[in-house]
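> Structure file start.txt (compact mmCIF, C-alpha atoms and all ligand atoms) is given on the next line.
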# COMPACT_ATOMS: atom_id res chain seq x y z
CA MET A 221 0.00 0.00 0.00
CA LYS A 222 1.42 3.41 -0.99
CA SER A 223 0.30 6.51 0.89
CA ILE A 224 -0.09 9.57 -1.28
CA SER A 225 -0.09 13.29 -0.68
CA LEU A 226 -1.69 15.05 -3.64
CA LEU A 227 -0.96 18.76 -4.11
CA GLY A 228 -3.49 20.36 -6.48
CA ALA A 229 -6.21 17.73 -6.06
CA SER A 230 -8.91 19.93 -7.62
CA GLY A 231 -7.09 20.45 -10.94
CA SER A 232 -6.81 18.47 -14.17
CA ILE A 233 -3.86 16.32 -13.03
CA GLY A 234 -5.25 16.22 -9.49
CA THR A 235 -8.65 14.80 -10.45
CA GLN A 236 -7.03 12.27 -12.80
CA THR A 237 -4.73 11.21 -9.96
CA LEU A 238 -7.82 10.66 -7.82
CA ASP A 239 -9.19 8.45 -10.64
CA VAL A 240 -6.04 6.32 -10.47
CA ILE A 241 -6.23 6.08 -6.66
CA ARG A 242 -9.92 5.19 -6.92
CA ALA A 243 -9.15 2.44 -9.46
CA HIS A 244 -6.68 0.71 -7.09
CA PRO A 245 -7.98 0.98 -3.53
CA ASP A 246 -5.83 -2.03 -2.55
CA ARG A 247 -2.66 -0.19 -3.68
CA PHE A 248 -3.13 3.48 -2.90
CA ARG A 249 -4.41 5.53 0.00
CA LEU A 250 -4.82 9.32 -0.04
CA VAL A 251 -3.40 10.63 3.25
CA ALA A 252 -3.09 14.34 2.44
CA ALA A 253 -4.29 16.69 -0.29
CA SER A 254 -4.42 20.34 -1.21
CA VAL A 255 -6.84 22.42 -3.25
CA GLY A 256 -6.62 26.13 -4.02
CA ARG A 257 -10.01 27.83 -3.77
CA ASN A 258 -12.28 25.01 -4.85
CA VAL A 259 -14.03 24.24 -1.55
CA GLU A 260 -16.53 21.91 -3.21
CA ALA A 261 -13.69 19.71 -4.50
CA ALA A 262 -12.22 19.60 -0.98
CA ARG A 263 -15.60 18.62 0.46
CA LYS A 264 -15.97 15.79 -2.04
CA LEU A 265 -12.53 14.33 -1.59
CA MET A 266 -12.82 14.53 2.21
CA ALA A 267 -16.09 12.61 2.04
CA GLU A 268 -14.74 9.99 -0.36
CA PHE A 269 -11.12 9.47 0.73
CA ALA A 270 -11.10 10.75 4.35
CA PRO A 271 -7.50 12.01 4.14
CA ARG A 272 -5.79 12.93 7.40
CA LEU A 273 -5.04 16.47 6.20
CA VAL A 274 -6.40 18.89 3.62
CA ALA A 275 -4.74 22.21 2.76
CA VAL A 276 -6.62 25.09 1.12
CA ALA A 277 -5.23 28.33 -0.25
CA ASP A 278 -7.07 30.89 1.89
CA ARG A 279 -8.54 31.47 5.31
CA GLY A 280 -12.12 31.78 4.07
CA ALA A 281 -12.07 28.28 2.59
CA TYR A 282 -10.37 27.00 5.75
CA GLU A 283 -13.10 28.40 8.01
CA THR A 284 -15.88 27.00 5.84
CA LEU A 285 -14.38 23.50 5.87
CA CYS A 286 -13.51 23.56 9.59
CA SER A 287 -17.10 24.42 10.51
CA GLU A 288 -18.35 21.47 8.42
CA TYR A 289 -15.77 18.79 9.16
CA GLY A 290 -14.16 19.78 12.46
CA GLY A 291 -12.19 16.86 13.85
CA ARG A 292 -12.35 14.23 11.10
CA THR A 293 -9.75 15.74 8.80
CA THR A 294 -7.23 18.35 9.84
CA VAL A 295 -7.68 21.44 7.67
CA VAL A 296 -4.84 23.91 7.17
CA TYR A 297 -4.36 26.87 4.84
CA GLY A 298 -1.93 29.16 3.03
CA GLU A 299 1.65 28.50 1.99
CA ASP A 300 2.40 26.80 5.33
CA GLY A 301 -0.63 24.58 4.86
CA LEU A 302 0.59 23.47 1.43
CA ILE A 303 3.95 22.60 2.98
CA GLU A 304 2.23 20.63 5.75
CA ALA A 305 0.48 18.55 3.10
CA ALA A 306 3.78 18.06 1.24
CA VAL A 307 5.65 16.75 4.29
CA HIS A 308 2.80 14.80 5.91
CA PRO A 309 4.50 12.06 7.98
CA ASP A 310 2.22 9.32 6.62
CA ALA A 311 2.91 10.09 2.94
CA ASP A 312 5.37 7.95 0.93
CA ILE A 313 4.90 9.79 -2.35
CA VAL A 314 3.93 13.37 -3.14
CA VAL A 315 2.20 14.17 -6.44
CA THR A 316 2.99 17.81 -7.29
CA ALA A 317 0.00 18.90 -9.37
CA VAL A 318 -0.39 22.55 -8.38
CA VAL A 319 0.16 25.00 -11.22
CA GLY A 320 2.95 27.56 -11.23
CA SER A 321 6.00 28.39 -9.13
CA VAL A 322 3.89 28.09 -5.95
CA GLY A 323 4.86 24.41 -6.24
CA LEU A 324 8.58 25.01 -5.70
CA VAL A 325 8.92 25.36 -1.92
CA PRO A 326 6.52 22.50 -1.01
CA THR A 327 8.42 20.24 -3.43
CA LEU A 328 11.77 21.16 -1.88
CA LYS A 329 10.32 20.55 1.61
CA ALA A 330 8.90 17.18 0.52
CA ILE A 331 12.32 16.20 -0.84
CA GLU A 332 13.99 17.25 2.44
CA ALA A 333 11.42 15.08 4.26
CA GLY A 334 12.51 12.12 2.09
CA LYS A 335 9.32 11.76 0.03
CA THR A 336 9.34 10.26 -3.45
CA ILE A 337 8.20 12.97 -5.88
CA ALA A 338 5.78 12.31 -8.75
CA LEU A 339 6.42 15.56 -10.57
CA ALA A 340 3.69 17.11 -12.70
CA ASN A 341 4.49 20.73 -11.77
CA LYS A 342 7.12 21.49 -14.43
CA GLU A 343 7.50 25.11 -13.28
CA THR A 344 9.40 23.74 -10.25
CA LEU A 345 12.23 22.50 -12.47
CA VAL A 346 12.12 25.51 -14.77
CA VAL A 347 12.52 27.95 -11.89
CA ALA A 348 15.03 26.05 -9.76
CA GLY A 349 16.11 22.85 -11.50
CA HIS A 350 19.61 23.15 -10.04
CA LEU A 351 18.28 23.33 -6.44
CA VAL A 352 15.62 20.64 -6.84
CA THR A 353 17.87 18.05 -8.52
CA ALA A 354 20.70 18.72 -6.04
CA ALA A 355 18.32 18.34 -3.08
CA ALA A 356 16.87 15.11 -4.51
CA GLU A 357 20.32 13.68 -5.12
CA LYS A 358 21.53 14.64 -1.64
CA ARG A 359 18.48 13.07 0.06
CA GLY A 360 18.39 10.05 -2.33
CA VAL A 361 14.84 10.89 -3.37
CA PRO A 362 13.50 9.81 -6.80
CA LEU A 363 11.99 12.48 -9.07
CA LEU A 364 9.49 10.51 -11.14
CA PRO A 365 8.12 12.36 -14.18
CA VAL A 366 4.38 12.70 -14.69
CA ASP A 367 4.54 15.03 -17.71
CA SER A 368 3.68 12.80 -20.69
CA GLU A 369 6.85 13.55 -22.70
CA HIS A 370 9.17 12.96 -19.76
CA SER A 371 7.33 9.84 -18.70
CA ALA A 372 7.78 8.60 -22.29
CA ILE A 373 11.53 9.30 -22.20
CA PHE A 374 11.82 7.77 -18.74
CA GLN A 375 10.08 4.63 -20.01
CA CYS A 376 12.36 4.48 -23.10
CA LEU A 377 15.42 4.75 -20.84
CA GLN A 378 14.54 1.78 -18.65
CA GLY A 379 17.44 -0.69 -18.85
CA GLU A 380 19.49 1.73 -21.00
CA LYS A 381 22.71 3.56 -20.20
CA LEU A 382 22.41 7.36 -20.27
CA GLU A 383 25.90 7.69 -21.76
CA GLN A 384 24.70 5.78 -24.83
CA VAL A 385 21.94 8.32 -25.52
CA ASP A 386 22.56 10.60 -28.49
CA LYS A 387 19.55 12.88 -28.05
CA LEU A 388 16.06 13.26 -26.63
CA ILE A 389 13.24 14.19 -29.03
CA LEU A 390 10.17 15.82 -27.50
CA THR A 391 7.00 15.76 -29.55
CA ALA A 392 4.82 18.89 -29.70
CA SER A 393 1.21 19.02 -30.86
CA GLY A 394 1.57 22.67 -31.95
CA GLY A 395 -1.31 23.75 -29.70
CA SER A 396 -4.62 25.43 -30.48
CA PHE A 397 -3.30 27.71 -33.24
CA ARG A 398 -1.04 25.31 -35.08
CA ASP A 399 -2.90 25.77 -38.37
CA ARG A 400 -2.81 29.58 -38.25
CA THR A 401 -0.11 31.84 -39.59
CA ARG A 402 1.63 34.27 -37.28
CA GLU A 403 -0.40 37.14 -38.78
CA GLU A 404 -3.62 35.30 -37.91
CA LEU A 405 -2.64 35.19 -34.22
CA ALA A 406 -3.22 38.91 -33.70
CA GLY A 407 -6.93 38.74 -32.93
CA VAL A 408 -7.38 35.27 -31.41
CA THR A 409 -9.68 34.95 -28.39
CA VAL A 410 -9.19 33.31 -25.01
CA GLU A 411 -11.92 30.83 -25.86
CA GLU A 412 -10.13 29.77 -29.06
CA ALA A 413 -6.80 29.51 -27.25
CA LEU A 414 -8.33 27.18 -24.65
CA CYS A 415 -9.26 24.58 -27.30
CA HIS A 416 -6.32 22.18 -27.28
CA PRO A 417 -6.52 19.75 -30.22
CA ASN A 418 -5.61 16.61 -28.23
CA TRP A 419 -5.55 17.13 -24.47
CA SER A 420 -8.01 18.44 -21.88
CA MET A 421 -5.87 20.34 -19.36
CA GLY A 422 -5.93 23.30 -16.99
CA ALA A 423 -6.21 26.79 -18.51
CA LYS A 424 -2.64 27.94 -17.90
CA ILE A 425 -0.90 24.95 -19.51
CA THR A 426 -3.35 25.07 -22.44
CA ILE A 427 -2.25 28.65 -23.18
CA ASP A 428 1.40 27.60 -22.70
CA SER A 429 0.80 24.91 -25.28
CA ALA A 430 -0.66 27.46 -27.73
CA THR A 431 2.42 29.71 -27.38
CA MET A 432 4.70 26.63 -27.19
CA MET A 433 6.11 27.92 -23.93
CA ASN A 434 4.92 24.56 -22.62
CA LYS A 435 7.37 22.84 -24.95
CA GLY A 436 10.11 25.29 -23.94
CA PHE A 437 9.46 24.47 -20.28
CA GLU A 438 9.55 20.78 -21.16
CA VAL A 439 12.97 21.19 -22.81
CA ILE A 440 14.26 22.73 -19.55
CA GLU A 441 12.48 20.04 -17.53
CA ALA A 442 14.14 17.32 -19.66
CA HIS A 443 17.54 18.96 -19.19
CA TRP A 444 17.22 18.70 -15.41
CA LEU A 445 15.53 15.30 -15.24
CA PHE A 446 17.87 13.50 -17.65
CA GLY A 447 21.03 15.63 -17.43
CA LEU A 448 21.53 16.22 -21.17
CA PRO A 449 22.77 19.53 -22.62
CA TYR A 450 20.29 21.63 -24.59
CA GLU A 451 21.91 20.91 -27.96
CA ARG A 452 20.93 17.25 -27.44
CA ILE A 453 17.27 17.96 -26.70
CA ASP A 454 15.17 18.43 -29.85
CA VAL A 455 11.52 19.21 -30.50
CA VAL A 456 9.49 17.86 -33.43
CA LEU A 457 5.92 18.79 -34.34
CA HIS A 458 3.61 15.77 -34.18
CA ARG A 459 -0.07 16.59 -34.62
CA GLU A 460 -1.62 13.46 -33.16
CA SER A 461 0.10 13.34 -29.70
CA VAL A 462 0.28 9.56 -30.07
CA ILE A 463 4.07 9.33 -29.85
CA HIS A 464 4.69 10.97 -26.50
CA SER A 465 8.45 11.39 -27.07
CA LEU A 466 11.53 9.54 -28.32
CA VAL A 467 15.12 8.72 -27.42
CA GLN A 468 17.81 8.37 -30.08
CA PHE A 469 20.81 6.23 -29.13
CA ARG A 470 24.37 6.48 -30.45
CA ASP A 471 23.87 3.55 -32.84
CA THR A 472 20.99 5.62 -34.42
CA SER A 473 18.30 3.36 -32.92
CA VAL A 474 15.27 5.33 -31.78
CA LEU A 475 12.90 4.18 -29.04
CA ALA A 476 9.52 5.83 -28.62
CA GLN A 477 6.60 5.49 -26.20
CA LEU A 478 3.12 5.58 -27.73
CA GLY A 479 -0.41 5.62 -26.41
CA THR A 480 -3.75 7.42 -26.65
CA PRO A 481 -3.50 10.89 -25.08
CA ASP A 482 -4.57 10.08 -21.49
CA MET A 483 -2.67 11.53 -18.53
CA ARG A 484 -3.87 8.75 -16.24
CA VAL A 485 -1.28 6.50 -17.92
CA PRO A 486 1.85 8.51 -16.95
CA ILE A 487 0.30 9.40 -13.58
CA GLN A 488 -0.25 5.74 -12.78
CA TYR A 489 3.21 4.78 -14.05
CA ALA A 490 4.81 7.30 -11.68
CA LEU A 491 2.76 5.88 -8.79
CA THR A 492 3.47 2.21 -9.55
CA TYR A 493 7.03 2.45 -10.96
CA PRO A 494 8.77 0.11 -11.63
CA GLU A 495 5.60 -1.99 -11.80
CA ARG A 496 2.74 -1.60 -14.30
CA LEU A 497 -0.88 -2.14 -13.33
CA PRO A 498 -3.96 -2.50 -15.56
CA LEU A 499 -5.74 0.78 -16.35
CA SER A 500 -9.12 -0.31 -17.60
CA ALA A 501 -10.40 3.26 -18.10
CA ALA A 502 -7.72 4.03 -20.71
CA GLN A 503 -8.37 3.34 -24.42
CA PRO A 504 -5.79 1.04 -26.04
CA LEU A 505 -4.05 2.45 -29.08
CA ASP A 506 -5.49 1.39 -32.46
CA LEU A 507 -2.81 2.32 -35.00
CA ALA A 508 -4.74 0.91 -37.94
CA ALA A 509 -7.71 3.14 -37.10
CA ILE A 510 -5.39 6.18 -36.79
CA GLY A 511 -3.86 5.36 -40.17
CA SER A 512 -1.05 7.89 -40.32
CA LEU A 513 1.10 9.98 -38.01
CA HIS A 514 2.57 13.35 -39.01
CA PHE A 515 5.85 15.11 -38.22
CA ALA A 516 7.27 18.52 -39.11
CA PRO A 517 10.18 20.74 -38.01
CA VAL A 518 9.55 23.56 -35.57
CA ASP A 519 9.73 27.16 -36.81
CA PHE A 520 11.37 29.17 -34.00
CA GLU A 521 10.09 32.46 -35.42
CA ARG A 522 6.51 31.22 -35.49
CA TYR A 523 6.90 29.92 -31.93
CA ARG A 524 9.06 32.61 -30.32
CA CYS A 525 8.37 31.40 -26.77
CA LEU A 526 10.13 28.15 -27.60
CA ARG A 527 13.18 30.09 -28.79
CA LEU A 528 13.13 32.25 -25.63
CA ALA A 529 12.97 29.13 -23.46
CA TYR A 530 15.93 27.47 -25.22
CA GLU A 531 17.92 30.68 -24.82
CA ALA A 532 17.03 31.07 -21.13
CA GLY A 533 17.77 27.39 -20.50
CA ARG A 534 21.15 27.54 -22.25
CA ARG A 535 22.23 30.71 -20.45
CA GLY A 536 20.85 29.28 -17.19
CA GLY A 537 21.29 30.92 -13.79
CA SER A 538 18.37 33.17 -12.89
CA LEU A 539 17.02 33.54 -16.45
CA PRO A 540 14.63 30.56 -16.40
CA ALA A 541 13.05 31.95 -13.20
CA VAL A 542 12.43 35.25 -15.03
CA LEU A 543 11.07 33.35 -18.03
CA ASN A 544 8.59 31.55 -15.79
CA ALA A 545 7.49 34.52 -13.67
CA ALA A 546 6.94 36.71 -16.74
CA ASN A 547 5.05 33.90 -18.43
CA GLU A 548 2.78 33.29 -15.42
CA GLU A 549 1.88 36.98 -15.25
CA ALA A 550 1.41 37.39 -19.00
CA VAL A 551 -0.74 34.26 -19.33
CA ALA A 552 -2.90 35.38 -16.37
CA ALA A 553 -3.37 38.77 -18.05
CA PHE A 554 -4.30 37.11 -21.35
CA LEU A 555 -6.78 34.77 -19.62
CA ALA A 556 -8.33 37.79 -17.89
CA GLY A 557 -8.86 39.39 -21.31
CA ARG A 558 -6.45 42.23 -20.55
CA ILE A 559 -3.80 41.67 -23.23
CA PRO A 560 -3.79 40.16 -26.73
CA PHE A 561 -2.26 36.74 -27.37
CA LEU A 562 0.91 38.07 -29.03
CA ALA A 563 1.63 40.34 -26.06
CA ILE A 564 2.48 37.23 -24.01
CA GLU A 565 5.77 36.64 -25.84
CA GLU A 566 6.48 40.38 -26.03
CA TRP A 567 6.18 40.81 -22.26
CA ILE A 568 8.37 37.80 -21.58
CA GLU A 569 11.03 39.08 -23.96
CA ARG A 570 11.00 42.49 -22.27
CA ALA A 571 11.34 40.93 -18.80
CA LEU A 572 14.28 38.80 -19.96
CA GLU A 573 16.03 41.78 -21.59
CA ARG A 574 15.63 43.88 -18.45
CA HIS A 575 17.03 41.25 -16.08
CA GLN A 576 20.64 41.26 -14.89
CA PRO A 577 21.32 37.50 -14.75
CA ILE A 578 23.03 35.86 -11.82
CA SER A 579 24.52 32.38 -11.86
CA ASP A 580 23.57 29.67 -9.38
CA PRO A 581 20.84 31.63 -7.57
CA SER A 582 19.80 30.57 -4.06
CA LEU A 583 16.17 29.92 -3.16
CA GLU A 584 15.93 33.36 -1.57
CA GLU A 585 17.35 34.99 -4.71
CA ILE A 586 14.93 33.06 -6.90
CA ARG A 587 11.96 34.14 -4.79
CA ALA A 588 13.11 37.77 -4.95
CA ILE A 589 13.61 37.57 -8.73
CA ASP A 590 10.20 35.95 -9.14
CA ALA A 591 8.51 38.76 -7.17
CA ASP A 592 10.50 41.49 -8.94
CA THR A 593 9.73 40.11 -12.42
CA ARG A 594 6.02 39.80 -11.65
CA ALA A 595 5.92 43.39 -10.37
CA TYR A 596 7.68 44.62 -13.51
CA VAL A 597 5.41 42.70 -15.87
CA ARG A 598 2.34 44.08 -14.09
CA THR A 599 3.57 47.62 -14.76
CA LEU A 600 3.31 46.87 -18.48
CA LEU A 601 -0.47 46.77 -18.08
CA SER A 602 -0.77 50.27 -16.74
N1 LIG B 1 -3.15 19.03 -17.18
C1 LIG B 1 -2.26 18.24 -17.78
O1 LIG B 1 -2.63 17.34 -18.56
C2 LIG B 1 -0.81 18.42 -17.50
C3 LIG B 1 -0.35 19.30 -16.54
N2 LIG B 1 0.99 19.38 -16.26
C4 LIG B 1 1.43 20.29 -15.21
O2 LIG B 1 0.78 19.95 -14.00
C5 LIG B 1 0.51 21.13 -13.23
C6 LIG B 1 -0.98 21.22 -12.97
O3 LIG B 1 -1.64 21.44 -14.19
P1 LIG B 1 -3.23 21.33 -14.31
O4 LIG B 1 -3.71 20.17 -13.50
O5 LIG B 1 -3.53 21.36 -15.75
O6 LIG B 1 -3.69 22.70 -13.64
P2 LIG B 1 -5.13 23.11 -13.11
O7 LIG B 1 -5.24 24.57 -13.30
O8 LIG B 1 -6.18 22.24 -13.67
O9 LIG B 1 -5.04 22.79 -11.55
C7 LIG B 1 -4.16 23.52 -10.74
C8 LIG B 1 -4.28 23.09 -9.30
O10 LIG B 1 -3.44 23.95 -8.51
C9 LIG B 1 -4.25 24.60 -7.51
N3 LIG B 1 -3.71 25.94 -7.29
C10 LIG B 1 -3.66 26.96 -8.19
N4 LIG B 1 -3.09 28.04 -7.64
C11 LIG B 1 -2.77 27.69 -6.35
C12 LIG B 1 -2.18 28.40 -5.27
N5 LIG B 1 -1.77 29.68 -5.38
N6 LIG B 1 -1.99 27.74 -4.11
C13 LIG B 1 -2.38 26.45 -3.98
N7 LIG B 1 -2.96 25.74 -4.97
C14 LIG B 1 -3.15 26.36 -6.15
C15 LIG B 1 -5.66 24.62 -8.07
O11 LIG B 1 -6.60 24.77 -7.04
P3 LIG B 1 -8.11 25.36 -7.25
O12 LIG B 1 -8.55 24.99 -8.61
O13 LIG B 1 -8.86 24.67 -6.15
O14 LIG B 1 -8.04 26.85 -7.04
C16 LIG B 1 -5.69 23.23 -8.72
O15 LIG B 1 -5.86 22.24 -7.74
C17 LIG B 1 1.06 22.31 -14.05
O16 LIG B 1 2.36 22.61 -13.62
C18 LIG B 1 1.10 21.75 -15.48
O17 LIG B 1 2.09 22.37 -16.27
C19 LIG B 1 1.91 18.59 -16.90
C20 LIG B 1 1.51 17.73 -17.88
C21 LIG B 1 0.13 17.59 -18.27
C1 LIG B 2 -0.29 16.18 -21.58
C2 LIG B 2 0.99 16.88 -21.52
O1 LIG B 2 2.00 16.33 -21.13
C3 LIG B 2 1.03 18.28 -21.96
O2 LIG B 2 2.18 18.94 -21.49
C4 LIG B 2 1.03 18.20 -23.45
O3 LIG B 2 2.31 17.80 -23.80
C5 LIG B 2 0.65 19.45 -24.11
O4 LIG B 2 0.82 19.26 -25.46
P1 LIG B 2 1.69 20.20 -26.41
O5 LIG B 2 2.48 21.14 -25.55
O6 LIG B 2 2.54 19.26 -27.20
O7 LIG B 2 0.64 20.88 -27.19
MN MN B 3 3.72 17.57 -21.56
Please re-express this file's structure in structure tokens.

Amino acid sequence: MKSISLLGASGSIGTQTLDVIRAHPDRFRLVAASVGRNVEAARKLMAEFAPRLVAVADRGAYETLCSEYGGRTTVVYGEDGLIEAAVHPDADIVVTAVVGSVGLVPTLKAIEAGKTIALANKETLVVAGHLVTAAAEKRGVPLLPVDSEHSAIFQCLQGEKLEQVDKLILTASGGSFRDRTREELAGVTVEEALCHPNWSMGAKITIDSATMMNKGFEVIEAHWLFGLPYERIDVVLHRESVIHSLVQFRDTSVLAQLGTPDMRVPIQYALTYPERLPLSAAQPLDLAAIGSLHFAPVDFERYRCLRLAYEAGRRGGSLPAVLNAANEEAVAAFLAGRIPFLAIEEWIERALERHQPISDPSLEEIRAIDADTRAYVRTLLS
């Protein structure tokens, strides 16, 4: 029996993780969970899974839940509450499924507490990959990828020697606007941007996919998870999201992991690794019905966010933290209808140009840079 702490239980990855836990009650037990502001989701998971602890983002949600459930489940709130969920003494494995850099500190604390990490929150590695991987190595804690591309690479690497890898190839769907020219992006709406062709995901990552910042983040995530330099991490456009990613070895052999686009598969693999369990809810792949798969090179001018992410990753230091903070603010402004789609990349570029990079930033420096970048980007609105 594995005991799970699930951070971000009310989100897209969070609810699919609950599906996996629900499907294997003999294997998994939910001991702690967090939601942000979705009190109804907290209510439901407390009634169904009776976790020992639930963290919510704010005091209002905390008071509501305490008055209803006093005693049965401990309710906590705020940043400290999220950390309490992450380090819960009964948890063996922590699924990091909150969105954004708010996931960084709880993940570091969970690592320090010796928890296995099932990592969905890619922003954690973008912002502070050097700190997170060093902490995991020092504590001997596995970082198991949940992100579909990284799970695919991780699966392709089983039984292989990393020194025999030539390169990693991440597949990219191209996002909601893949069939539009750059000129056609000027007037796109939030509603259109939220229509991902293959995956149903949270709003922020769906916009990141449309700008291809998601793929840029995934390149940085792959760099930290698998330790390869950026010139050996490639991206190829693949419309169907059936091949989740590939590994090319030095003898030119290429291994790939395929499957229908269903995040419950990589979530479950991270929770059961190195075992595999049945997943009856997932649809098996029918290649004959699909017929053909498509591939194309990436145009770095069309997808400028991907170029910015490669550049920030290569230069390293504090630049990826700026990239992330500016992106979080710009995407939030776009989702709120306050800026046009193409302003997202413009704001990020301006934040990166303004920043005086430092190498090997500490956690305190990263938090200060995150706050400073967000404040700067918000001034662009006024
Ligand atoms: N969705 C997917 O298929 C994939 C997602 N990922 C990554 O996984 C992470 C989660 O994505 P996704 O599930 O789509 O996101 P969602 O937006 O669907 O869910 C985000 C979760 O984080 C919580 N949350 C948001 N802000 C805060 C905060 N300030 N404090 C505490 N909790 C907060 C939300 O709570 P509430 O809603 O209650 O406010 C919710 O539980 C992201 O990093 C994403 O990049 C990676 C691969 C695939
Ligand atoms: C499901 C998942 O892992 C997402 O990160 C997905 O990869 C988004 O797809 P694209 O970024 O390729 O559009
Ligand atoms: Mn992905």
> With all atoms listed in the file as the atoms that count, which of A:Pro449, A:Gly395, A:Gly298, A:Gly511 lies nearest to ligand MN 3 (chain B)?
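The answer is A:Gly395, which sits nearest to ligand MN 3 (chain B).
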> How close does chain A get to ligand LIG 1 (chain B)? List, as a Markdown table, each residue of chain A within 7 Å, its nearest atom pair and the distance in Å to one decimal, counting all atoms listed in the file.

| residue | atom | partner | partner_atom | distance |
| --- | --- | --- | --- | --- |
| A:Gly228 | CA | B:LIG1 | O15 | 3.3 |
| A:Ala229 | CA | B:LIG1 | O15 | 4.8 |
| A:Ser230 | CA | B:LIG1 | O15 | 3.8 |
| A:Gly231 | CA | B:LIG1 | O9 | 3.2 |
| A:Ser232 | CA | B:LIG1 | O4 | 3.6 |
| A:Ile233 | CA | B:LIG1 | O4 | 3.9 |
| A:Gly234 | CA | B:LIG1 | O4 | 5.8 |
| A:Ser254 | CA | B:LIG1 | N7 | 6.7 |
| A:Val255 | CA | B:LIG1 | O13 | 4.2 |
| A:Gly256 | CA | B:LIG1 | O11 | 3.3 |
| A:Arg257 | CA | B:LIG1 | O14 | 3.9 |
| A:Asn258 | CA | B:LIG1 | O13 | 3.7 |
| A:Val259 | CA | B:LIG1 | O13 | 6.9 |
| A:Val276 | CA | B:LIG1 | C13 | 6.8 |
| A:Ala277 | CA | B:LIG1 | C13 | 5.1 |
| A:Leu302 | CA | B:LIG1 | C13 | 6.9 |
| A:Ala317 | CA | B:LIG1 | C6 | 4.4 |
| A:Val318 | CA | B:LIG1 | O10 | 3.4 |
| A:Val319 | CA | B:LIG1 | C17 | 4.0 |
| A:Gly320 | CA | B:LIG1 | O16 | 5.5 |
| A:Val322 | CA | B:LIG1 | N5 | 5.9 |
| A:Ala340 | CA | B:LIG1 | O2 | 4.3 |
| A:Asn341 | CA | B:LIG1 | O16 | 3.4 |
| A:Lys342 | CA | B:LIG1 | O16 | 5.0 |
| A:Glu343 | CA | B:LIG1 | O16 | 5.7 |
| A:Val366 | CA | B:LIG1 | C20 | 6.6 |
| A:Asp367 | CA | B:LIG1 | C20 | 4.1 |
| A:Ser368 | CA | B:LIG1 | C20 | 6.1 |
| A:Trp419 | CA | B:LIG1 | O1 | 6.6 |
| A:Ser420 | CA | B:LIG1 | O1 | 6.4 |
| A:Met421 | CA | B:LIG1 | N1 | 3.7 |
| A:Gly422 | CA | B:LIG1 | O5 | 3.3 |
| A:Ala423 | CA | B:LIG1 | O7 | 5.7 |
| A:Lys424 | CA | B:LIG1 | O7 | 6.3 |
| A:Ile425 | CA | B:LIG1 | O17 | 5.1 |
| A:Met483 | CA | B:LIG1 | O1 | 5.8 |
> Return as a tab-separated table the residues of chain A lying at most 12 Å from ligand MN 3 (chain B), together with the closest atom-to-atom pair for each and the distance in Å to one decimal, counting all atoms listed in the file, with rows in chain order and ascending residue number.

residue	atom	partner	partner_atom	distance
A:Ile233	CA	B:MN3	MN	11.5
A:Leu339	CA	B:MN3	MN	11.5
A:Ala340	CA	B:MN3	MN	8.9
A:Asn341	CA	B:MN3	MN	10.3
A:Lys342	CA	B:MN3	MN	8.8
A:Glu343	CA	B:MN3	MN	11.8
A:Pro365	CA	B:MN3	MN	10.0
A:Val366	CA	B:MN3	MN	8.4
A:Asp367	CA	B:MN3	MN	4.7
A:Ser368	CA	B:MN3	MN	4.8
A:Glu369	CA	B:MN3	MN	5.2
A:His370	CA	B:MN3	MN	7.4
A:Ser371	CA	B:MN3	MN	9.0
A:Ala372	CA	B:MN3	MN	9.9
A:Ile373	CA	B:MN3	MN	11.4
A:Leu390	CA	B:MN3	MN	8.9
A:Thr391	CA	B:MN3	MN	8.8
A:Ala392	CA	B:MN3	MN	8.3
A:Ser393	CA	B:MN3	MN	9.7
A:Gly394	CA	B:MN3	MN	11.8
A:Gly395	CA	B:MN3	MN	11.4
A:Asn418	CA	B:MN3	MN	11.5
A:Trp419	CA	B:MN3	MN	9.7
A:Ser420	CA	B:MN3	MN	11.8
A:Met421	CA	B:MN3	MN	10.2
A:Ile425	CA	B:MN3	MN	8.9
A:Thr426	CA	B:MN3	MN	10.3
A:Asp428	CA	B:MN3	MN	10.4
A:Ser429	CA	B:MN3	MN	8.7
A:Met432	CA	B:MN3	MN	10.7
A:Met433	CA	B:MN3	MN	10.9
A:Asn434	CA	B:MN3	MN	7.2
A:Lys435	CA	B:MN3	MN	7.3
A:Gly436	CA	B:MN3	MN	10.3
A:Phe437	CA	B:MN3	MN	9.1
A:Glu438	CA	B:MN3	MN	6.7
A:Val439	CA	B:MN3	MN	10.0
A:Ile440	CA	B:MN3	MN	11.9
A:Glu441	CA	B:MN3	MN	10.0
A:Ala442	CA	B:MN3	MN	10.6
A:Val455	CA	B:MN3	MN	12.0
A:Ser461	CA	B:MN3	MN	9.9
A:Ile463	CA	B:MN3	MN	11.7
A:His464	CA	B:MN3	MN	8.3
A:Ser465	CA	B:MN3	MN	9.5
A:Pro481	CA	B:MN3	MN	10.4
A:Asp482	CA	B:MN3	MN	11.2
A:Met483	CA	B:MN3	MN	9.3
A:Pro486	CA	B:MN3	MN	10.3
A:Ile487	CA	B:MN3	MN	11.9
> Any idea what's packed within 9 Å of A:Ala553, counting only C-alpha atoms, ignoring anything in its chain fewer than 6 positions away? Could you give it as a PyMOL selection string?
chain A and resi 559-560+564+598+601
> Kindly indicate which residue among A:Ala355, A:Tyr450, A:Val456, A:His244 lies nearest to ligand LIG 2 (chain B), using all atoms listed in the file for the distances.
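Looking only at the distances to ligand LIG 2 (chain B), the closest residue turns out to be A:Val456.
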> I'd like the neighbourhood of A:Pro309 as a ChimeraX atom specification, where a residue qualifies if any of its atoms comes within 12 Å (using only C-alpha atoms), though same-chain residues fewer than 2 positions away should be ignored.
/A:223-225,251-252,272-273,303-307,311-314,330,333-335
